[in-house]
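To start, the structure under review is shown below, and the notes come after it.
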Amino acid sequence: MQRIIMHIDLDQFYAAVEENRKPELKDKPVAICVYSGRTEDSGAISTSNYTARKLGIRAGIPISHAKNLAEKSGQEVIFLPVDMDYYRDISERIMEILENHADILEQASIDEAYLDVTEKTKGSYNAAENMASKIKEEIREKENLTCSIGIAPNKLVAKIASDYNKPDGLTIIMPDEVEKFLSSLPLRKLHGIGPKTIEALESIEISTVAGLAECDVQKLIPLFGGNKARLLVDKARGIDYSSVEEKVSKQISRILTLKNDTNNIDDLIPVIGYLAGELKKKLEKKKASFKTISIITIDTALDMQTKGRTLENATNSTSTIREVSTMLTKEILEGSGKKFRRFGLRVSSLDYGTKKEQKSLMEFK
DNA sequence: CGACGTGTAAC
DNA sequence: CCTTTTACACGTCG
């Protein structure tokens, strides 16, 4: 059965939201920053609007670097701190809109979603196009935001299509157009192919999507292993059988940059206390408990290390998070003695079967 | 196989 | 000199 999949991406989401909140920002370069709090301007740019991108101020670069670029341009650039709670509220309202149009909705991130619309469009690309226009209209009316939409026979191609024309774009790739559409793209545009994979492919003279599509899987197995090798060639051919599914989170983590580098457990105890509280809040919101708890450390050389422990039974107790992570932290400190720059906690092996629900399930039986 | 740690990637 | 959060694949160990 041929599916019709839609991928929707909100345009420069955080920056657009801030422009709505402060209309005087319109037409000015705006950069949304994650300040780490170590020094005045330490941290990175999370999102910027198109005006700022023209100056080279884009996601991922250090805030200090962005300020230099702003200085050089002679323009007034607006730097704002992220306000995740606010963005999340707006995201939730938009996802509700999408939910009403889709057979199945898969939220891929705060500003992205996949919709399986096969049933609602009765398999018609024309109907899907109309639906996309309706969705754009509704998001513009209710939230004053634009989005870019891709429509294609699978998630892989839909995602590339939504990126093809932005902002406020709509790109439809019919099944018989997939091959041609992909062949013109650089490898980097394929979801899941990052710098390391590109480097490995270039080592065997593959540098285009077309080249990868023609490649014999056997040739890739020594580099990537059978599983990933097959996946890579499928990707280049526009083949993707993965289904759109409502995602439930499998882990919850929180990590932060320390005010000062440290290898002293006494400095970390209050940090553990804070992070444990943060995780507890998220667990409550999702009504989940956990069986595994890990600490995540990033040392001064920016090398990451994780260490975890799985409990006998699922729990949601903050004190357990604190106690176990304190033990794990001591263990890592004894092992290396390296100073940490960043520190985080993660809970996984999540269990959504709360006592209440179990009881009602019993009664149902 | 479950548990654990690392690497890669996307946002 | 550099954010945060999540996911998944893979190797390894017992």
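Simple scheme: letters A, B, ... for chains in structure tokens order, numbers from 1 for residues in each chain, numbers from 1 for ligands in the order shown.
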Who sits within 9 Å of B:DG5, only C-alpha atoms (C1' of nucleotides), same chain under 3 positions skipped, as a list of chain:residue names: A:Gln305, A:Thr306, A:Lys307, A:Gly308
Residue list for chain C near chain A as number ranges by chain, 10 Å, only C-alpha atoms (C1' of nucleotides): C: 1-7, 9-10
Go ahead and save the picked residues with C-alpha atoms (C1' of nucleotides), as a compact mmCIF listing (two decimals), in the first residue's frame.
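To be explicit, this is the file written out as out-v7.txt:
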# COMPACT_ATOMS: atom_id res chain seq x y z
C1' DC C 1 37.49 27.20 24.40
C1' DC C 2 31.83 25.36 22.08
C1' DT C 3 24.25 24.29 23.94
C1' DT C 4 20.85 20.85 25.06
C1' DT C 5 18.24 16.80 24.52
C1' DT C 6 17.09 12.47 22.51
C1' DA C 7 17.73 8.27 19.90
C1' DA C 9 23.41 1.21 16.65
C1' DC C 10 27.24 -1.39 17.99
Distance-based interface of chain A with chain B, 10 Å, counting only C-alpha atoms (C1' of nucleotides), as a PyMOL selection string: chain A and resi 46+108-112+191-197+292+304-310
Could you turn the residues from that selection into a file that holds all heavy atoms, as a compact mmCIF listing (two decimals), in the first residue's frame?
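See selection_17.txt below for the written result:
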# COMPACT_ATOMS: atom_id res chain seq x y z
N SER A 46 21.11 29.32 19.37
CA SER A 46 20.17 28.22 19.18
C SER A 46 19.45 28.35 17.83
O SER A 46 19.35 27.39 17.08
CB SER A 46 19.16 28.22 20.31
OG SER A 46 18.19 27.25 20.08
N ALA A 108 8.55 15.11 15.87
CA ALA A 108 9.97 14.76 15.75
C ALA A 108 10.85 15.65 16.61
O ALA A 108 11.94 15.25 17.01
CB ALA A 108 10.41 14.84 14.29
N SER A 109 10.39 16.86 16.90
CA SER A 109 11.09 17.77 17.79
C SER A 109 10.12 18.89 18.14
O SER A 109 8.95 18.80 17.79
CB SER A 109 12.34 18.35 17.11
OG SER A 109 11.96 19.29 16.14
N ILE A 110 10.61 19.92 18.80
CA ILE A 110 9.69 20.98 19.21
C ILE A 110 9.08 21.69 18.00
O ILE A 110 7.96 22.19 18.08
CB ILE A 110 10.42 21.98 20.16
CG1 ILE A 110 9.42 22.89 20.85
CG2 ILE A 110 11.47 22.79 19.40
CD1 ILE A 110 9.98 23.66 22.02
N ASP A 111 9.75 21.68 16.87
CA ASP A 111 9.24 22.44 15.72
C ASP A 111 9.07 21.61 14.46
O ASP A 111 9.06 22.15 13.35
CB ASP A 111 10.17 23.63 15.44
CG ASP A 111 11.57 23.20 15.02
OD1 ASP A 111 11.86 22.00 15.10
OD2 ASP A 111 12.36 24.07 14.62
N GLU A 112 8.95 20.31 14.61
CA GLU A 112 8.89 19.42 13.44
C GLU A 112 7.96 18.25 13.69
O GLU A 112 7.94 17.71 14.80
CB GLU A 112 10.26 18.79 13.22
CG GLU A 112 11.08 19.37 12.13
CD GLU A 112 12.37 18.60 12.02
OE1 GLU A 112 12.33 17.47 11.51
OE2 GLU A 112 13.40 19.12 12.50
N HIS A 191 19.06 12.55 5.60
CA HIS A 191 18.90 12.45 7.04
C HIS A 191 19.69 11.26 7.57
O HIS A 191 19.57 10.15 7.04
CB HIS A 191 17.41 12.26 7.32
CG HIS A 191 17.03 12.48 8.74
ND1 HIS A 191 16.57 11.47 9.54
CD2 HIS A 191 17.05 13.59 9.50
CE1 HIS A 191 16.31 11.96 10.74
NE2 HIS A 191 16.59 13.24 10.75
N GLY A 192 20.53 11.49 8.58
CA GLY A 192 21.31 10.38 9.15
C GLY A 192 22.71 10.28 8.58
O GLY A 192 23.50 9.48 9.05
N ILE A 193 23.01 11.07 7.55
CA ILE A 193 24.38 11.08 7.03
C ILE A 193 25.06 12.36 7.51
O ILE A 193 24.72 13.45 7.07
CB ILE A 193 24.39 10.98 5.49
CG1 ILE A 193 23.78 9.64 5.07
CG2 ILE A 193 25.82 11.11 4.96
CD1 ILE A 193 23.99 9.27 3.63
N GLY A 194 25.98 12.20 8.44
CA GLY A 194 26.69 13.34 9.01
C GLY A 194 28.13 13.35 8.56
O GLY A 194 28.51 12.61 7.66
N PRO A 195 28.96 14.17 9.19
CA PRO A 195 30.36 14.35 8.77
C PRO A 195 31.15 13.04 8.72
O PRO A 195 31.92 12.83 7.78
CB PRO A 195 30.92 15.27 9.84
CG PRO A 195 29.76 15.91 10.49
CD PRO A 195 28.59 15.03 10.30
N LYS A 196 30.97 12.18 9.74
CA LYS A 196 31.76 10.94 9.80
C LYS A 196 31.43 10.01 8.64
O LYS A 196 32.32 9.41 8.04
CB LYS A 196 31.49 10.21 11.13
CG LYS A 196 31.81 11.00 12.34
CD LYS A 196 33.31 11.05 12.59
CE LYS A 196 33.60 11.88 13.83
NZ LYS A 196 35.04 11.99 14.08
N THR A 197 30.14 9.90 8.35
CA THR A 197 29.71 9.01 7.28
C THR A 197 30.20 9.53 5.93
O THR A 197 30.67 8.77 5.09
CB THR A 197 28.17 8.88 7.29
OG1 THR A 197 27.76 8.58 8.63
CG2 THR A 197 27.71 7.78 6.36
N THR A 292 16.67 2.78 35.34
CA THR A 292 18.10 3.02 35.17
C THR A 292 18.40 4.51 35.35
O THR A 292 17.63 5.36 34.88
CB THR A 292 18.55 2.58 33.77
OG1 THR A 292 18.20 1.22 33.58
CG2 THR A 292 20.06 2.74 33.60
N MET A 304 33.26 13.10 26.54
CA MET A 304 32.08 12.71 27.31
C MET A 304 32.26 11.32 27.89
O MET A 304 32.87 10.45 27.28
CB MET A 304 30.85 12.73 26.42
CG MET A 304 29.63 12.14 27.10
SD MET A 304 28.06 12.79 26.52
CE MET A 304 28.23 12.51 24.78
N GLN A 305 31.73 11.14 29.09
CA GLN A 305 31.73 9.82 29.70
C GLN A 305 30.38 9.62 30.38
O GLN A 305 29.82 10.56 30.94
CB GLN A 305 32.87 9.74 30.73
CG GLN A 305 33.25 8.33 31.09
CD GLN A 305 34.42 8.29 32.07
OE1 GLN A 305 34.96 9.32 32.48
NE2 GLN A 305 34.79 7.08 32.48
N THR A 306 29.83 8.39 30.31
CA THR A 306 28.59 8.12 31.01
C THR A 306 28.78 6.91 31.91
O THR A 306 29.63 6.06 31.65
CB THR A 306 27.43 7.80 30.04
OG1 THR A 306 27.75 6.59 29.35
CG2 THR A 306 27.19 8.90 29.06
N LYS A 307 28.02 6.88 32.96
CA LYS A 307 28.08 5.73 33.87
C LYS A 307 26.70 5.54 34.46
O LYS A 307 26.11 6.48 34.97
CB LYS A 307 29.12 5.98 34.96
CG LYS A 307 29.43 4.76 35.79
CD LYS A 307 30.71 4.98 36.60
CE LYS A 307 31.10 3.72 37.37
NZ LYS A 307 31.34 2.55 36.50
N GLY A 308 26.17 4.33 34.37
CA GLY A 308 24.80 4.11 34.80
C GLY A 308 24.63 2.90 35.69
O GLY A 308 25.53 2.07 35.80
N ARG A 309 23.47 2.85 36.33
CA ARG A 309 23.15 1.69 37.18
C ARG A 309 21.66 1.40 37.06
O ARG A 309 20.85 2.32 37.05
CB ARG A 309 23.53 2.00 38.63
CG ARG A 309 23.43 0.79 39.54
CD ARG A 309 24.54 0.79 40.58
NE ARG A 309 25.87 0.84 39.94
CZ ARG A 309 26.95 1.28 40.56
NH1 ARG A 309 26.88 1.72 41.78
NH2 ARG A 309 28.10 1.28 39.93
N THR A 310 21.36 0.10 36.94
CA THR A 310 19.96 -0.30 36.84
C THR A 310 19.49 -0.87 38.16
O THR A 310 20.18 -1.69 38.77
CB THR A 310 19.80 -1.33 35.72
OG1 THR A 310 20.27 -0.76 34.51
CG2 THR A 310 18.35 -1.73 35.55
Which of stretch 31-160 of chain A DSSP labels alpha helix (DSSP H), written as a ChimeraX atom specification: /A:50-53,63-73,84-101,125-143,155-160
Test item: residues at most 8 Å from A:Asp168, only C-alpha atoms (C1' of nucleotides), excluding those fewer than 5 positions along its chain, as a list in words: Asp11, Thr146, Cys147, Ser148 and Ile149 of chain A
Sel. of strand (DSSP E or B) residues, stretch 81-288 of chain A, as a VMD selection string: chain A and resid 81 104 to 109 112 to 116 147 to 152 170 to 172 186 208 251 to 262
Within 12 Å of stretch 128-130 of chain A using only C-alpha atoms (C1' of nucleotides), minus same-chain residues under 2 positions, as a VMD selection string: chain A and resid 3 to 7 101 to 102 115 to 126 132 to 137 149 to 153 169 to 174
Take the selection from the previous step and output its residues with C-alpha atoms, as a PDB file, in the first residue's frame.
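Done, and the output landed in selection.pdb:
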ATOM      1  CA  ARG A   3       1.445   5.861   1.785  1.00  0.00           C
ATOM      2  CA  ILE A   4       1.341   9.652   1.707  1.00  0.00           C
ATOM      3  CA  ILE A   5       3.597  11.242   4.307  1.00  0.00           C
ATOM      4  CA  MET A   6       3.861  14.909   5.189  1.00  0.00           C
ATOM      5  CA  HIS A   7       6.754  16.550   7.006  1.00  0.00           C
ATOM      6  CA  HIS A 101      -5.431  16.585  10.150  1.00  0.00           C
ATOM      7  CA  ALA A 102      -3.368  13.421  10.446  1.00  0.00           C
ATOM      8  CA  LEU A 115       1.978  13.105   9.470  1.00  0.00           C
ATOM      9  CA  ASP A 116       0.716   9.943   7.848  1.00  0.00           C
ATOM     10  CA  VAL A 117      -2.231  11.251   5.829  1.00  0.00           C
ATOM     11  CA  THR A 118      -2.873   8.220   3.631  1.00  0.00           C
ATOM     12  CA  GLU A 119      -6.402   7.568   4.922  1.00  0.00           C
ATOM     13  CA  LYS A 120      -7.526  11.164   5.253  1.00  0.00           C
ATOM     14  CA  THR A 121      -6.465  11.924   1.680  1.00  0.00           C
ATOM     15  CA  LYS A 122      -7.628   8.554   0.353  1.00  0.00           C
ATOM     16  CA  GLY A 123      -4.204   8.218  -1.229  1.00  0.00           C
ATOM     17  CA  SER A 124      -4.585  11.363  -3.370  1.00  0.00           C
ATOM     18  CA  TYR A 125      -1.662  13.793  -3.670  1.00  0.00           C
ATOM     19  CA  ASN A 126      -4.124  16.463  -4.744  1.00  0.00           C
ATOM     20  CA  ALA A 132      -1.176  21.268   3.408  1.00  0.00           C
ATOM     21  CA  SER A 133      -2.624  24.644   2.370  1.00  0.00           C
ATOM     22  CA  LYS A 134      -5.302  24.350   5.054  1.00  0.00           C
ATOM     23  CA  ILE A 135      -2.678  23.551   7.680  1.00  0.00           C
ATOM     24  CA  LYS A 136      -0.521  26.510   6.666  1.00  0.00           C
ATOM     25  CA  GLU A 137      -3.544  28.786   6.804  1.00  0.00           C
ATOM     26  CA  ILE A 149       5.899  21.327   4.176  1.00  0.00           C
ATOM     27  CA  GLY A 150       7.116  18.325   2.216  1.00  0.00           C
ATOM     28  CA  ILE A 151       4.798  15.650   0.849  1.00  0.00           C
ATOM     29  CA  ALA A 152       6.187  12.336  -0.404  1.00  0.00           C
ATOM     30  CA  PRO A 153       5.710   8.556  -0.305  1.00  0.00           C
ATOM     31  CA  GLY A 169       7.408  26.379   1.155  1.00  0.00           C
ATOM     32  CA  LEU A 170       5.432  23.434  -0.115  1.00  0.00           C
ATOM     33  CA  THR A 171       7.205  20.706  -2.062  1.00  0.00           C
ATOM     34  CA  ILE A 172       5.470  17.622  -3.368  1.00  0.00           C
ATOM     35  CA  ILE A 173       7.460  14.664  -4.611  1.00  0.00           C
ATOM     36  CA  MET A 174       5.362  12.022  -6.356  1.00  0.00           C
TER      37      MET A 174
END
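Distances from A:Arg342, A:Gly273, A:Lys282, A:Thr208 to A:Ile321 were compared using only C-alpha atoms, and the smallest one belongs to A:Gly273.
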Straight-line distance linking atom CA of A:Ser243 with atom CA of A:Lys159, stated in Å to one decimal: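 Atom-to-atom, atom CA of A:Ser243 to atom CA of A:Lys159, that is 13.4 Å.
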Of the listed residues A:Leu223, A:Val82, A:Leu258, A:Val30, that which approaches A:Lys67 most closely, counting only C-alpha atoms: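 Closest to A:Lys67 of all the choices is A:Val30.
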Nearest-residue call for A:Phe290, choices A:Arg53, A:Arg188, A:Arg88, A:Arg346, using only C-alpha atoms: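 The shortest atom-to-atom distance to A:Phe290 comes from A:Arg346.
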Pairwise distance for atom CA of A:Tyr14 and atom CA of A:Ile160, rounded to one decimal in Å: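 Separating atom CA of A:Tyr14 from atom CA of A:Ile160 is a distance of 21.2 Å.
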Between atom CA of A:Leu185 and atom CA of A:Ala210, distance in Å (one decimal): 8.6 Å
